[in-house]
$ cat query.cif   # mmCIF, C-alpha atoms and all ligand atoms
data_my_file
loop_
_atom_site.group_PDB
_atom_site.id
_atom_site.type_symbol
_atom_site.label_atom_id
_atom_site.label_comp_id
_atom_site.auth_asym_id
_atom_site.auth_seq_id
_atom_site.Cartn_x
_atom_site.Cartn_y
_atom_site.Cartn_z
ATOM 1 C CA MET A 4 0.000 0.000 0.000
ATOM 2 C CA SER A 5 1.454 3.315 -1.037
ATOM 3 C CA LEU A 6 1.922 6.073 1.485
ATOM 4 C CA PHE A 7 1.415 8.689 -1.180
ATOM 5 C CA LYS A 8 -1.992 10.127 -1.952
ATOM 6 C CA LYS A 9 -2.759 11.202 -5.468
ATOM 7 C CA LYS A 10 -2.892 14.976 -5.564
ATOM 8 C CA SER A 11 -3.711 15.618 -9.228
ATOM 9 C CA LYS A 12 -7.152 15.767 -10.818
ATOM 10 C CA ILE A 13 -6.251 13.123 -13.401
ATOM 11 C CA LYS A 14 -8.761 10.247 -13.218
ATOM 12 C CA PHE A 15 -7.215 6.763 -13.073
ATOM 13 C CA LYS A 16 -9.282 3.710 -14.076
ATOM 14 C CA LYS A 17 -7.890 0.206 -13.703
ATOM 15 C CA PHE A 18 -9.411 -2.641 -15.761
ATOM 16 C CA GLU A 19 -9.067 -6.428 -15.612
ATOM 17 C CA SER A 20 -7.625 -6.487 -19.103
ATOM 18 C CA SER A 21 -6.370 -4.224 -21.855
ATOM 19 C CA ILE A 22 -9.357 -5.335 -23.976
ATOM 20 C CA GLU A 23 -11.827 -4.076 -21.350
ATOM 21 C CA ALA A 24 -9.924 -0.829 -20.956
ATOM 22 C CA SER A 25 -9.865 -0.308 -24.712
ATOM 23 C CA GLU A 26 -13.583 -1.061 -25.001
ATOM 24 C CA TYR A 27 -14.295 1.561 -22.333
ATOM 25 C CA VAL A 28 -12.457 4.216 -24.347
ATOM 26 C CA ALA A 29 -14.046 2.990 -27.598
ATOM 27 C CA ILE A 30 -17.508 3.544 -26.100
ATOM 28 C CA GLU A 31 -16.539 7.069 -25.029
ATOM 29 C CA VAL A 32 -15.320 7.855 -28.552
ATOM 30 C CA LEU A 33 -18.315 6.207 -30.229
ATOM 31 C CA ASN A 34 -20.768 8.127 -28.042
ATOM 32 C CA GLU A 35 -19.475 11.266 -29.752
ATOM 33 C CA VAL A 36 -19.120 9.794 -33.254
ATOM 34 C CA LYS A 37 -22.702 8.466 -33.132
ATOM 35 C CA LYS A 38 -24.076 11.967 -32.510
ATOM 36 C CA GLY A 39 -23.251 12.494 -36.184
ATOM 37 C CA LYS A 40 -21.907 15.994 -35.641
ATOM 38 C CA LYS A 41 -18.520 17.211 -36.800
ATOM 39 C CA ILE A 42 -15.885 15.878 -34.396
ATOM 40 C CA ASN A 43 -12.096 16.069 -34.301
ATOM 41 C CA LEU A 44 -10.178 13.125 -32.864
ATOM 42 C CA GLY A 45 -6.512 13.249 -31.902
ATOM 43 C CA LEU A 46 -5.001 9.830 -32.538
ATOM 44 C CA ALA A 47 -1.947 7.942 -31.349
ATOM 45 C CA THR A 48 0.081 5.072 -32.772
ATOM 46 C CA GLY A 49 2.192 2.372 -31.121
ATOM 47 C CA SER A 50 1.064 -1.058 -29.936
ATOM 48 C CA THR A 51 -1.204 0.300 -27.180
ATOM 49 C CA PRO A 52 -4.101 1.846 -29.160
ATOM 50 C CA ILE A 53 -4.443 -1.132 -31.531
ATOM 51 C CA LEU A 54 -7.109 -2.756 -29.298
ATOM 52 C CA LEU A 55 -9.043 0.513 -29.230
ATOM 53 C CA TYR A 56 -8.927 0.714 -33.034
ATOM 54 C CA ASN A 57 -10.039 -2.942 -33.221
ATOM 55 C CA ALA A 58 -13.055 -2.089 -31.056
ATOM 56 C CA LEU A 59 -13.928 0.908 -33.261
ATOM 57 C CA VAL A 60 -13.674 -1.255 -36.378
ATOM 58 C CA SER A 61 -15.882 -3.977 -34.802
ATOM 59 C CA ASP A 62 -18.505 -1.370 -34.030
ATOM 60 C CA TYR A 63 -18.398 -0.105 -37.613
ATOM 61 C CA GLU A 64 -18.793 -3.630 -38.980
ATOM 62 C CA GLU A 65 -21.782 -4.186 -36.726
ATOM 63 C CA THR A 66 -23.576 -0.838 -36.857
ATOM 64 C CA ARG A 67 -22.207 0.930 -39.981
ATOM 65 C CA THR A 68 -22.158 4.154 -37.975
ATOM 66 C CA PRO A 69 -20.868 6.741 -40.446
ATOM 67 C CA TRP A 70 -17.461 8.338 -39.832
ATOM 68 C CA LYS A 71 -18.036 10.952 -42.537
ATOM 69 C CA ASN A 72 -18.121 13.849 -40.082
ATOM 70 C CA VAL A 73 -15.016 12.719 -38.227
ATOM 71 C CA SER A 74 -11.655 14.391 -38.789
ATOM 72 C CA THR A 75 -8.496 12.966 -37.285
ATOM 73 C CA TYR A 76 -5.181 14.516 -36.331
ATOM 74 C CA ASN A 77 -2.358 12.144 -35.531
ATOM 75 C CA LEU A 78 0.104 13.078 -32.841
ATOM 76 C CA ASP A 79 3.284 12.392 -34.695
ATOM 77 C CA GLU A 80 5.051 10.962 -37.731
ATOM 78 C CA TYR A 81 8.569 9.688 -38.370
ATOM 79 C CA LEU A 82 10.818 11.781 -40.564
ATOM 80 C CA ASN A 83 12.823 10.339 -43.440
ATOM 81 C CA LEU A 84 10.684 7.305 -44.200
ATOM 82 C CA PRO A 85 9.412 7.256 -47.788
ATOM 83 C CA GLU A 86 5.684 7.862 -48.406
ATOM 84 C CA GLY A 87 3.895 4.511 -48.203
ATOM 85 C CA HIS A 88 6.588 2.852 -46.032
ATOM 86 C CA PRO A 89 4.755 0.295 -43.839
ATOM 87 C CA GLN A 90 6.222 1.794 -40.647
ATOM 88 C CA THR A 91 4.995 5.336 -41.324
ATOM 89 C CA TYR A 92 2.230 6.251 -38.931
ATOM 90 C CA LYS A 93 0.013 7.076 -41.907
ATOM 91 C CA GLU A 94 0.222 3.452 -43.070
ATOM 92 C CA PHE A 95 -0.225 2.254 -39.473
ATOM 93 C CA MET A 96 -3.485 4.208 -39.223
ATOM 94 C CA LYS A 97 -4.742 2.892 -42.564
ATOM 95 C CA LYS A 98 -3.933 -0.671 -41.536
ATOM 96 C CA HIS A 99 -5.555 -0.523 -38.096
ATOM 97 C CA LEU A 100 -8.434 1.910 -38.598
ATOM 98 C CA PHE A 101 -8.889 4.059 -41.692
ATOM 99 C CA SER A 102 -9.190 1.319 -44.297
ATOM 100 C CA HIS A 103 -11.902 -0.441 -42.268
ATOM 101 C CA ILE A 104 -14.307 2.484 -41.770
ATOM 102 C CA ASP A 105 -15.899 4.990 -44.122
ATOM 103 C CA ILE A 106 -13.757 7.941 -43.026
ATOM 104 C CA ASN A 107 -12.810 10.360 -45.793
ATOM 105 C CA LEU A 108 -8.999 10.112 -46.047
ATOM 106 C CA ASP A 109 -8.921 13.843 -46.885
ATOM 107 C CA ASN A 110 -10.091 14.402 -43.303
ATOM 108 C CA THR A 111 -7.165 12.482 -41.798
ATOM 109 C CA HIS A 112 -4.144 14.591 -40.925
ATOM 110 C CA PHE A 113 -0.522 14.002 -39.939
ATOM 111 C CA PRO A 114 1.991 16.658 -38.932
ATOM 112 C CA LYS A 115 4.307 17.752 -41.734
ATOM 113 C CA VAL A 116 7.448 19.850 -41.780
ATOM 114 C CA ASN A 117 6.799 23.441 -42.915
ATOM 115 C CA GLU A 118 3.120 23.385 -42.089
ATOM 116 C CA ASN A 119 1.505 25.023 -39.075
ATOM 117 C CA TYR A 120 -0.242 21.944 -37.697
ATOM 118 C CA ASP A 121 -1.362 23.681 -34.498
ATOM 119 C CA SER A 122 -3.058 26.492 -36.434
ATOM 120 C CA LEU A 123 -4.676 23.991 -38.771
ATOM 121 C CA ILE A 124 -6.131 22.132 -35.778
ATOM 122 C CA GLN A 125 -7.360 25.315 -34.099
ATOM 123 C CA LEU A 126 -8.852 26.692 -37.343
ATOM 124 C CA ASN A 127 -10.797 23.455 -37.709
ATOM 125 C CA GLY A 128 -12.213 23.761 -34.182
ATOM 126 C CA GLY A 129 -9.604 22.056 -31.971
ATOM 127 C CA ILE A 130 -9.374 18.440 -30.869
ATOM 128 C CA ASP A 131 -12.438 17.119 -29.039
ATOM 129 C CA ILE A 132 -10.960 13.828 -27.843
ATOM 130 C CA GLN A 133 -7.234 13.114 -27.719
ATOM 131 C CA ILE A 134 -5.977 9.525 -27.444
ATOM 132 C CA LEU A 135 -2.506 9.037 -25.971
ATOM 133 C CA GLY A 136 -0.151 6.192 -25.201
ATOM 134 C CA ILE A 137 2.892 6.649 -23.003
ATOM 135 C CA GLY A 138 6.534 5.750 -23.593
ATOM 136 C CA THR A 139 8.533 3.856 -20.964
ATOM 137 C CA ASN A 140 10.394 7.135 -20.339
ATOM 138 C CA GLY A 141 7.128 9.053 -19.935
ATOM 139 C CA HIS A 142 6.990 10.503 -23.435
ATOM 140 C CA ILE A 143 3.625 11.392 -24.928
ATOM 141 C CA GLY A 144 3.487 11.743 -28.705
ATOM 142 C CA PHE A 145 7.199 12.032 -29.364
ATOM 143 C CA ASN A 146 7.711 14.610 -26.635
ATOM 144 C CA GLU A 147 10.806 13.148 -25.095
ATOM 145 C CA PRO A 148 12.192 14.156 -21.672
ATOM 146 C CA GLY A 149 13.361 17.766 -21.919
ATOM 147 C CA SER A 150 10.242 18.867 -23.856
ATOM 148 C CA LEU A 151 8.881 22.160 -22.620
ATOM 149 C CA LEU A 152 5.346 22.725 -21.418
ATOM 150 C CA LYS A 153 5.054 25.432 -24.077
ATOM 151 C CA SER A 154 6.197 23.111 -26.900
ATOM 152 C CA ILE A 155 4.124 23.029 -30.070
ATOM 153 C CA THR A 156 4.375 20.832 -33.174
ATOM 154 C CA ARG A 157 8.028 20.586 -34.176
ATOM 155 C CA VAL A 158 10.814 18.297 -35.347
ATOM 156 C CA VAL A 159 12.215 16.241 -32.465
ATOM 157 C CA ASP A 160 15.206 13.944 -31.930
ATOM 158 C CA LEU A 161 14.262 10.528 -30.572
ATOM 159 C CA THR A 162 16.083 9.233 -27.504
ATOM 160 C CA GLN A 163 18.063 6.012 -27.733
ATOM 161 C CA GLU A 164 15.533 4.384 -25.340
ATOM 162 C CA THR A 165 12.658 5.175 -27.728
ATOM 163 C CA ILE A 166 14.659 4.001 -30.759
ATOM 164 C CA ASP A 167 15.461 0.712 -28.972
ATOM 165 C CA VAL A 168 11.853 0.085 -27.909
ATOM 166 C CA ASN A 169 10.448 0.936 -31.351
ATOM 167 C CA ALA A 170 13.126 -1.182 -33.094
ATOM 168 C CA LYS A 171 12.012 -4.198 -31.066
ATOM 169 C CA GLN A 172 8.307 -3.638 -31.644
ATOM 170 C CA PHE A 173 8.145 -2.434 -35.232
ATOM 171 C CA PHE A 174 11.484 -2.811 -37.058
ATOM 172 C CA ALA A 175 12.307 -6.492 -36.367
ATOM 173 C CA GLY A 176 14.880 -5.448 -33.777
ATOM 174 C CA ASN A 177 17.014 -3.477 -36.262
ATOM 175 C CA LYS A 178 17.838 -0.160 -34.548
ATOM 176 C CA ASP A 179 19.458 1.185 -37.710
ATOM 177 C CA LEU A 180 16.107 1.137 -39.492
ATOM 178 C CA VAL A 181 14.370 3.356 -36.921
ATOM 179 C CA PRO A 182 14.349 7.030 -37.940
ATOM 180 C CA LYS A 183 16.268 9.235 -35.525
ATOM 181 C CA GLN A 184 13.835 12.114 -35.859
ATOM 182 C CA ALA A 185 10.112 12.648 -35.968
ATOM 183 C CA ILE A 186 7.633 15.497 -36.111
ATOM 184 C CA SER A 187 5.394 15.635 -33.068
ATOM 185 C CA MET A 188 2.637 17.721 -31.605
ATOM 186 C CA GLY A 189 4.027 19.488 -28.547
ATOM 187 C CA LEU A 190 2.886 19.334 -24.955
ATOM 188 C CA GLU A 191 0.973 22.590 -25.361
ATOM 189 C CA SER A 192 -0.670 21.257 -28.542
ATOM 190 C CA ILE A 193 -1.823 18.164 -26.625
ATOM 191 C CA LEU A 194 -3.104 20.190 -23.679
ATOM 192 C CA ASN A 195 -5.315 22.193 -26.066
ATOM 193 C CA ALA A 196 -7.549 19.121 -26.557
ATOM 194 C CA LYS A 197 -10.904 19.287 -24.787
ATOM 195 C CA LYS A 198 -10.728 15.748 -23.371
ATOM 196 C CA ILE A 199 -7.797 13.330 -23.107
ATOM 197 C CA TYR A 200 -7.618 9.547 -22.654
ATOM 198 C CA LEU A 201 -4.213 8.012 -21.956
ATOM 199 C CA LEU A 202 -3.924 4.231 -22.320
ATOM 200 C CA ALA A 203 -1.131 2.245 -20.668
ATOM 201 C CA PHE A 204 -0.910 -1.536 -20.783
ATOM 202 C CA GLY A 205 1.497 -4.103 -19.447
ATOM 203 C CA TYR A 206 4.359 -4.220 -17.020
ATOM 204 C CA SER A 207 6.733 -2.198 -19.195
ATOM 205 C CA LYS A 208 4.618 0.866 -18.350
ATOM 206 C CA ASN A 209 4.666 0.187 -14.594
ATOM 207 C CA GLU A 210 7.317 2.741 -13.696
ATOM 208 C CA ALA A 211 5.826 5.445 -15.912
ATOM 209 C CA MET A 212 2.388 4.842 -14.390
ATOM 210 C CA GLU A 213 3.693 4.997 -10.799
ATOM 211 C CA LYS A 214 5.403 8.270 -11.646
ATOM 212 C CA LEU A 215 2.318 9.722 -13.288
ATOM 213 C CA TYR A 216 0.090 8.685 -10.397
ATOM 214 C CA HIS A 217 2.334 10.332 -7.837
ATOM 215 C CA ALA A 218 3.264 13.392 -9.909
ATOM 216 C CA GLU A 219 2.387 16.683 -8.258
ATOM 217 C CA LYS A 220 3.760 19.170 -10.740
ATOM 218 C CA PHE A 221 5.224 19.372 -14.214
ATOM 219 C CA ASP A 222 8.651 17.749 -14.430
ATOM 220 C CA VAL A 223 10.490 18.472 -17.680
ATOM 221 C CA ASN A 224 12.184 15.069 -17.395
ATOM 222 C CA PHE A 225 8.822 13.284 -17.311
ATOM 223 C CA PRO A 226 6.722 14.709 -20.174
ATOM 224 C CA ALA A 227 3.448 12.945 -19.227
ATOM 225 C CA SER A 228 3.372 15.101 -16.072
ATOM 226 C CA ALA A 229 2.233 17.941 -18.382
ATOM 227 C CA LEU A 230 -1.205 16.298 -18.133
ATOM 228 C CA LEU A 231 -1.489 17.659 -14.582
ATOM 229 C CA GLN A 232 -2.239 21.012 -16.226
ATOM 230 C CA HIS A 233 -5.392 19.696 -17.909
ATOM 231 C CA ASN A 234 -8.877 19.439 -16.390
ATOM 232 C CA ASP A 235 -10.214 16.393 -18.194
ATOM 233 C CA VAL A 236 -7.688 13.554 -18.392
ATOM 234 C CA THR A 237 -8.589 9.895 -17.841
ATOM 235 C CA VAL A 238 -5.833 7.294 -17.619
ATOM 236 C CA VAL A 239 -6.959 3.737 -18.337
ATOM 237 C CA PHE A 240 -4.650 0.861 -17.522
ATOM 238 C CA ASP A 241 -4.748 -2.867 -16.994
ATOM 239 C CA ASN A 242 -3.728 -5.491 -14.483
ATOM 240 C CA GLY A 243 -0.299 -5.804 -16.094
ATOM 241 C CA THR A 244 0.577 -2.683 -14.157
ATOM 242 C CA GLU A 245 1.228 -3.040 -10.429
ATOM 243 C CA LEU A 246 -0.182 0.393 -9.643
ATOM 244 C CA ASP A 247 -2.946 0.171 -7.033
ATOM 245 C CA ILE A 248 -5.485 2.941 -6.949
HETATM 246 C C1 LIG B 301 5.705 5.663 -29.594
HETATM 247 C C2 LIG B 301 4.716 6.787 -30.025
HETATM 248 C C3 LIG B 301 3.870 7.237 -28.875
HETATM 249 C C4 LIG B 301 3.406 6.001 -28.125
HETATM 250 C C5 LIG B 301 4.575 5.391 -27.404
HETATM 251 C C6 LIG B 301 4.271 4.074 -26.725
HETATM 252 O O1 LIG B 301 7.041 5.910 -29.846
HETATM 253 N N1 LIG B 301 5.298 7.923 -30.653
HETATM 254 O O2 LIG B 301 2.780 8.009 -29.356
HETATM 255 O O3 LIG B 301 2.440 6.339 -27.171
HETATM 256 O O4 LIG B 301 5.702 5.321 -28.216
HETATM 257 O O5 LIG B 301 4.256 3.027 -27.635
HETATM 258 P P1 LIG B 301 3.588 1.626 -27.340
HETATM 259 O O6 LIG B 301 2.133 1.857 -27.301
HETATM 260 O O7 LIG B 301 3.998 0.769 -28.505
HETATM 261 O O8 LIG B 301 4.121 1.143 -26.055
#
$ encode --input "query.cif" --output "structure tokens" --more "lines below"
Ligand code: GLP
Amino acid sequence: MSLFKKKSKIKFKKFESSIEASEYVAIEVLNEVKKGKKINLGLATGSTPILLYNALVSDYEETRTPWKNVSTYNLDEYLNLPEGHPQTYKEFMKKHLFSHIDINLDNTHFPKVNENYDSLIQLNGGIDIQILGIGTNGHIGFNEPGSLLKSITRVVDLTQETIDVNAKQFFAGNKDLVPKQAISMGLESILNAKKIYLLAFGYSKNEAMEKLYHAEKFDVNFPASALLQHNDVTVVFDNGTELDI
């Protein structure tokens, strides 16, 4: 039993499994999509949100709820991978979500160099629901330790830890194939979303989750602590994490 008491207003919800946690977030997202009004979703990549995207696809297959009024804004994209490369986040999103629903691909957005992504998002009404994963070092998007609270979309250098983890998960263990840079929404860009869900599954996220749970103020070396500044953040996690709430 921890002696610390959580001081932040972030809501933590622990589920029996990552499937249940993902279904919970899917229902929250679908409640908005099913209203049929224009909605902007902020989306994440990585292994964590795949179960959420599976749940959204299952719902589409069952109910044919239209996604025509949904626009999406992905958090980040690797630099220096050719268009169409299977490890680009654009291809990831097509594979796990976009090619299975009736979303208009013109309404799906990824940050690009020399484009003001933050202005584009704000001009289109801002992000209604932002989905996040978390890196083992506490990164959100590709905001690595050292990212400032005021950071906006920009080119970032990936840490060796992130390159190693991503090599293992997505590049067959070959670190040389992982791009060293990416373009990522900043911490301020993320905090502009109206509502945020952060998903964290498995033991590898244990330390990051403990830190986030006990965080009391922004720590530049632990980017996810920026979420303390937001009023509507829900963290969903599974039994793979030791954190007791
Ligand atoms: C990646 C992504 C993040 C993601 C994180 C965790 O590098 N840029 O958006 O949340 O790392 O990845 P995973 O879900 O595979 O653990």
$ resolve_selection --input "query.cif" --expression "the PyMOL selection byres (((chain A and resi 114) around 10) and not hetatm)" --output "list in words"
Tyr76, Asn77, Leu78, Asp79, Glu80, Tyr81, His112, Phe113, Lys115, Val116, Asn117, Glu118, Asn119, Tyr120, Asp121, Leu123, Thr156, Arg157, Val158, Ala185, Ile186, Ser187 and Met188 of chain A
$ closest_residue --input "query.cif" --among "A:Thr66, A:Ser50, A:Val60, A:Lys17" --to "A:Lys171" --atoms "all atoms listed in the file"
A:Ser50
$ closest_residue --input "query.cif" --among "A:Leu55, A:Trp70, A:Thr244, A:Gly49" --to "A:Lys37" --atoms "only C-alpha atoms"
A:Trp70
$ resolve_selection --input "query.cif" --expression "the PyMOL selection byres (((not hetatm)) within 7 of (chain B and resi 301))" --output "list in words"
Ala47, Thr48, Gly49, Ser50, Thr51, Pro52, Leu78, Asp79, Leu135, Gly136, Ile137, Gly138, His142, Ile143, Gly144, Phe145, Thr165, Asn169 and Gln172 of chain A
$ closest_residue --input "query.cif" --among "A:Asn57, A:Ser74, A:Ser154, A:Ser25" --to "A:Leu202" --atoms "all atoms listed in the file"
A:Ser25
$ atom_distance --input "query.cif" --atom1 "atom CA of A:Ser11" --atom2 "atom CA of A:Tyr200"
15.2 Å
$ residues_around --input "query.cif" --residues "A:Ser21" --least-positions-apart "6" --cutoff "8 Å" --atoms "all atoms listed in the file" --output "JSON, numbers by chain"
{"A": [54, 204, 240, 241, 242]}
$ write_last_selection --input "query.cif" --atoms "C-alpha atoms" --output "PDB file, keeping the file's coordinate frame"
ATOM      1  CA  LEU A  54      -7.109  -2.756 -29.298  1.00  0.00           C
ATOM      2  CA  PHE A 204      -0.910  -1.536 -20.783  1.00  0.00           C
ATOM      3  CA  PHE A 240      -4.650   0.861 -17.522  1.00  0.00           C
ATOM      4  CA  ASP A 241      -4.748  -2.867 -16.994  1.00  0.00           C
ATOM      5  CA  ASN A 242      -3.728  -5.491 -14.483  1.00  0.00           C
TER       6      ASN A 242
END
$ closest_residue --input "query.cif" --among "A:Glu65, A:Pro226, A:Ile193, A:Val28" --to "A:Ile130" --atoms "all atoms listed in the file"
A:Ile193
$ axis_aligned_box --input "query.cif" --around "stretch 38-41 of chain A" --padding-each-side "5 Å" --output "AutoDock Vina command-line options"
--center_x -21.3 --center_y 14.6 --center_z -34.7 --size_x 15.6 --size_y 15.2 --size_z 14.3
$ resolve_selection --input "query.cif" --expression "the PyMOL selection byres (((chain A and resi 228) around 10) and not hetatm)" --output "PyMOL selection string"
chain A and resi 11+141-143+152+190+211+214-227+229-232
$ closest_residue --input "query.cif" --among "A:Val238, A:Ala196, A:Leu33, A:Glu210" --to "A:Gly45" --atoms "all atoms listed in the file"
A:Ala196
$ closest_residue --input "query.cif" --among "A:Lys38, A:Lys12, A:Lys183, A:Lys197" --to "A:Leu82" --atoms "all atoms listed in the file"
A:Lys183
$ atom_distance --input "query.cif" --atom1 "atom CA of A:Lys153" --atom2 "atom CA of A:Gly189"
7.5 Å
$ residues_near_point --input "query.cif" --point "(20.9, 2.6, -36.1)" --cutoff "10 Å" --atoms "all atoms listed in the file" --output "PyMOL selection string"
chain A and resi 163+166-167+170+177-183
